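One structure below.
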Amino acid sequence: MLKKIIYFALILFLAQVGPASAQNLLTNGSFETGDLTGWTSTGTYSGYPVSVIVTNGITGSAFGEAVPADTVVGGSPDVAGTYAAYFVDDHANQVLSQSVYLTAGSYEIGFDSYSPLNGYNNPGDASFSGTIAGVTLANYDVKTGQAPQVWVNYSGIADVSVSGFYQAAFDFQTFGGASADVVIDRVYIESSSSGGGIPIPPTTTPEPATMLLLGLGLMGLAGARRKIKK
């Protein structure tokens, strides 16, 4: 019985101190607050600022067109949700950005984007770029750079040599007239073992109850050994 208690305590302890799951270092990287909390929108537009829309494949939130949920496998540690950021103004020079403090090391970075068909079919085009921690992951004209109605992942590694504040920034510029649109989702920065830097590994602290159980088990083992010696 004593051996079973000690074994159970050790299993709980190892589970508590094991590697932490991946964590997105950006605030609201998947826009699941339903708004732009954590983000800053700057630039010019004629009537439609960057907004957050529903992406459930049912609600016609992109000017009547339903946008499916972003279910791209891999990339962001965030689970697929039902919200995303929408760039839609026809006379825009908009930037959506967020600053985050990063210690020296390597980071996995990325985001997913989608081109609604109704915007894609407009006569005008738009340019779009996404840069995270100094690494430009995407820079294209919407109509020639990405097929419509498909979620596409852009990802890479950012090697941060000096600790400090770094940005995740998205730049949307239209060429005038009814233009192409862009939806983005699941923007992320997470610590990585890849690349040239060495990130500070995440750690977890065992819960007090687990530590108490382990301590009792070890005390019981010590007592059992003393009895054997007698």
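Simple scheme: letters A, B, ... for chains in structure tokens order, numbers from 1 for residues in each chain, numbers from 1 for ligands in the order shown.
Once Gly38 of chain A and its same-chain neighbours fewer than 2 positions away are set aside, Leu25, Leu26, Thr27, Asn28, Gly29, Ser30, Phe31, Glu32, Thr33, Gly34, Asp35, Leu36, Thr40, Ser41, Leu96, Ser97, Gln98, Ser99, Val100, Gln167 and Ala168 of chain A remain within 12 Å of it when counting only C-alpha atoms.
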Would you put the residues from that selection into a file with C-alpha atoms, as a short mmCIF file (atom, residue, chain, number, x, y, z; two decimals), in the first residue's frame?
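Okay, out15.cif is ready:
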```cif
data_model
loop_
_atom_site.label_atom_id
_atom_site.label_comp_id
_atom_site.auth_asym_id
_atom_site.auth_seq_id
_atom_site.Cartn_x
_atom_site.Cartn_y
_atom_site.Cartn_z
CA LEU A 25 2.75 35.62 -25.89
CA LEU A 26 0.42 38.02 -27.71
CA THR A 27 -2.70 39.36 -26.03
CA ASN A 28 -5.88 38.35 -27.85
CA GLY A 29 -3.91 36.96 -30.78
CA SER A 30 -7.00 35.15 -32.04
CA PHE A 31 -9.42 38.05 -31.41
CA GLU A 32 -11.64 35.81 -29.31
CA THR A 33 -12.62 38.74 -27.08
CA GLY A 34 -14.79 39.77 -30.03
CA ASP A 35 -12.95 43.08 -30.34
CA LEU A 36 -9.44 44.51 -30.79
CA THR A 40 -3.77 49.25 -31.86
CA SER A 41 -5.28 50.36 -35.16
CA LEU A 96 -2.99 46.87 -36.94
CA SER A 97 -0.23 46.27 -34.39
CA GLN A 98 0.68 45.03 -30.94
CA SER A 99 3.91 45.37 -28.97
CA VAL A 100 5.20 42.62 -26.71
CA GLN A 167 5.82 44.31 -32.77
CA ALA A 168 3.35 42.15 -34.59
#
```
Please produce, as JSON lines, a per-residue contact table for segment 70-116 of chain A versus segment 50-65 of chain A (criterion: any atom at most 7 Å away, only C-alpha atoms considered), showing the nearest atom pair and its distance in Å to one decimal, sorted by chain then residue number.
```
{"residue": "A:Thr82", "atom": "CA", "partner": "A:Thr55", "partner_atom": "CA", "distance": 4.7}
{"residue": "A:Tyr83", "atom": "CA", "partner": "A:Val54", "partner_atom": "CA", "distance": 4.6}
{"residue": "A:Ala84", "atom": "CA", "partner": "A:Val52", "partner_atom": "CA", "distance": 5.4}
{"residue": "A:Ala85", "atom": "CA", "partner": "A:Val52", "partner_atom": "CA", "distance": 4.4}
{"residue": "A:Tyr86", "atom": "CA", "partner": "A:Ser51", "partner_atom": "CA", "distance": 5.3}
{"residue": "A:Phe87", "atom": "CA", "partner": "A:Val50", "partner_atom": "CA", "distance": 5.2}
```
Those residues with C-alpha atoms, as a compact mmCIF listing (two decimals), in the first residue's frame please?
```
# COMPACT_ATOMS: atom_id res chain seq x y z
CA THR A 82 -15.10 32.06 -34.15
CA TYR A 83 -13.65 35.57 -34.48
CA ALA A 84 -11.05 37.24 -36.71
CA ALA A 85 -9.86 40.73 -37.72
CA TYR A 86 -11.24 42.18 -40.96
CA PHE A 87 -9.58 44.73 -43.28
```
>> When you look at Gln94 of chain A with a cut-off of 6 Å (counting only C-alpha atoms), what residues show up, excluding the ones that are within fewer than 2 positions of it in the same chain? I need them as a list in words.
In response: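 Final neighbour list, sorted by chain and number: Thr42, Gly43, Thr44, Ala92, Asp171 and Phe172 of chain A.
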List every residue of segment 48-127 of chain A that has an atom at most 8 Å from any atom of segment 180-188 of chain A, and for each one report the closest atom pair and its distance in Å to one decimal, counting only C-alpha atoms, with rows sorted by chain and then by increasing residue number, as JSON lines.
```
{"residue": "A:Asp70", "atom": "CA", "partner": "A:Asp185", "partner_atom": "CA", "distance": 7.0}
{"residue": "A:Ser76", "atom": "CA", "partner": "A:Tyr188", "partner_atom": "CA", "distance": 5.6}
{"residue": "A:Pro77", "atom": "CA", "partner": "A:Tyr188", "partner_atom": "CA", "distance": 7.5}
{"residue": "A:Asp78", "atom": "CA", "partner": "A:Arg186", "partner_atom": "CA", "distance": 6.5}
{"residue": "A:Ala80", "atom": "CA", "partner": "A:Arg186", "partner_atom": "CA", "distance": 7.8}
{"residue": "A:Tyr83", "atom": "CA", "partner": "A:Asp185", "partner_atom": "CA", "distance": 7.6}
{"residue": "A:Ala84", "atom": "CA", "partner": "A:Asp185", "partner_atom": "CA", "distance": 4.9}
{"residue": "A:Ala85", "atom": "CA", "partner": "A:Ile184", "partner_atom": "CA", "distance": 5.3}
{"residue": "A:Tyr86", "atom": "CA", "partner": "A:Val183", "partner_atom": "CA", "distance": 4.5}
{"residue": "A:Phe87", "atom": "CA", "partner": "A:Val182", "partner_atom": "CA", "distance": 5.2}
{"residue": "A:Val88", "atom": "CA", "partner": "A:Asp181", "partner_atom": "CA", "distance": 4.9}
{"residue": "A:Asp89", "atom": "CA", "partner": "A:Asp181", "partner_atom": "CA", "distance": 7.8}
{"residue": "A:Asp90", "atom": "CA", "partner": "A:Ala180", "partner_atom": "CA", "distance": 7.9}
{"residue": "A:Glu108", "atom": "CA", "partner": "A:Tyr188", "partner_atom": "CA", "distance": 7.8}
{"residue": "A:Ile109", "atom": "CA", "partner": "A:Tyr188", "partner_atom": "CA", "distance": 5.5}
{"residue": "A:Gly110", "atom": "CA", "partner": "A:Tyr188", "partner_atom": "CA", "distance": 5.5}
{"residue": "A:Phe111", "atom": "CA", "partner": "A:Val187", "partner_atom": "CA", "distance": 4.2}
{"residue": "A:Asp112", "atom": "CA", "partner": "A:Asp185", "partner_atom": "CA", "distance": 5.3}
{"residue": "A:Ser113", "atom": "CA", "partner": "A:Ile184", "partner_atom": "CA", "distance": 4.3}
{"residue": "A:Tyr114", "atom": "CA", "partner": "A:Val183", "partner_atom": "CA", "distance": 5.0}
{"residue": "A:Ser115", "atom": "CA", "partner": "A:Val182", "partner_atom": "CA", "distance": 5.0}
{"residue": "A:Pro116", "atom": "CA", "partner": "A:Asp181", "partner_atom": "CA", "distance": 6.4}
{"residue": "A:Asn118", "atom": "CA", "partner": "A:Ala180", "partner_atom": "CA", "distance": 7.9}
{"residue": "A:Gly119", "atom": "CA", "partner": "A:Ala180", "partner_atom": "CA", "distance": 4.2}
{"residue": "A:Tyr120", "atom": "CA", "partner": "A:Ala180", "partner_atom": "CA", "distance": 4.8}
{"residue": "A:Asn121", "atom": "CA", "partner": "A:Ala180", "partner_atom": "CA", "distance": 7.3}
{"residue": "A:Asn122", "atom": "CA", "partner": "A:Ala180", "partner_atom": "CA", "distance": 6.1}
{"residue": "A:Gly124", "atom": "CA", "partner": "A:Ala180", "partner_atom": "CA", "distance": 6.4}
{"residue": "A:Asp125", "atom": "CA", "partner": "A:Ala180", "partner_atom": "CA", "distance": 5.0}
{"residue": "A:Ala126", "atom": "CA", "partner": "A:Ala180", "partner_atom": "CA", "distance": 5.6}
```
> Can you list every residue in segment 117-148 of chain A that DSSP puts in strand (DSSP E or B), as a PyMOL selection string?
Replying inline: chain A and resi 126-132+135-141
Write out the residues from the selection above, keeping C-alpha atoms, as an mmCIF file, in the first residue's frame.
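This went into selection_36.cif:
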```cif
data_model
loop_
_atom_site.group_PDB
_atom_site.id
_atom_site.type_symbol
_atom_site.label_atom_id
_atom_site.label_comp_id
_atom_site.auth_asym_id
_atom_site.auth_seq_id
_atom_site.Cartn_x
_atom_site.Cartn_y
_atom_site.Cartn_z
ATOM 1 C CA ALA A 126 -5.024 45.836 -52.186
ATOM 2 C CA SER A 127 -1.582 45.159 -50.765
ATOM 3 C CA PHE A 128 -1.077 43.370 -47.488
ATOM 4 C CA SER A 129 1.926 42.567 -45.313
ATOM 5 C CA GLY A 130 2.470 40.858 -41.977
ATOM 6 C CA THR A 131 5.628 41.359 -39.919
ATOM 7 C CA ILE A 132 6.276 39.835 -36.505
ATOM 8 C CA VAL A 135 10.477 39.134 -39.644
ATOM 9 C CA THR A 136 8.214 39.805 -42.654
ATOM 10 C CA LEU A 137 6.166 36.654 -43.155
ATOM 11 C CA ALA A 138 3.903 37.902 -45.937
ATOM 12 C CA ASN A 139 3.946 40.785 -48.413
ATOM 13 C CA TYR A 140 1.627 40.481 -51.390
ATOM 14 C CA ASP A 141 -1.115 41.963 -53.541
#
```
> Which one is closest to Gln23 of chain A: A:Gly177, A:Gly75, A:Gly164, A:Gly134? Count only C-alpha atoms.
Replying inline: A:Gly75
>> Need the shell around Val72 of chain A: protein/DNA/RNA residues with any atom at most 8 Å away, counting only C-alpha atoms. Skip same-chain ones fewer than 6 positions apart. Format as a PyMOL selection string?
In response: chain A and resi 112+151-153
Go ahead and save the residues from that selection, with C-alpha atoms, as a PDB file, in the first residue's frame.
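Below is the file that was written, again.pdb:
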```pdb
ATOM      1  CA  ASP A 112      -3.356  32.912 -40.827  1.00  0.00           C
ATOM      2  CA  TRP A 151      -7.222  30.011 -44.879  1.00  0.00           C
ATOM      3  CA  VAL A 152      -3.448  30.209 -45.406  1.00  0.00           C
ATOM      4  CA  ASN A 153      -0.782  29.992 -42.709  1.00  0.00           C
TER       5      ASN A 153
END
```
> So which bits of segment 58-219 of chain A end up alpha helix (DSSP H) when you DSSP the backbone, as a ChimeraX atom specification?
Replying inline: /A:117-120,142-145,208-219
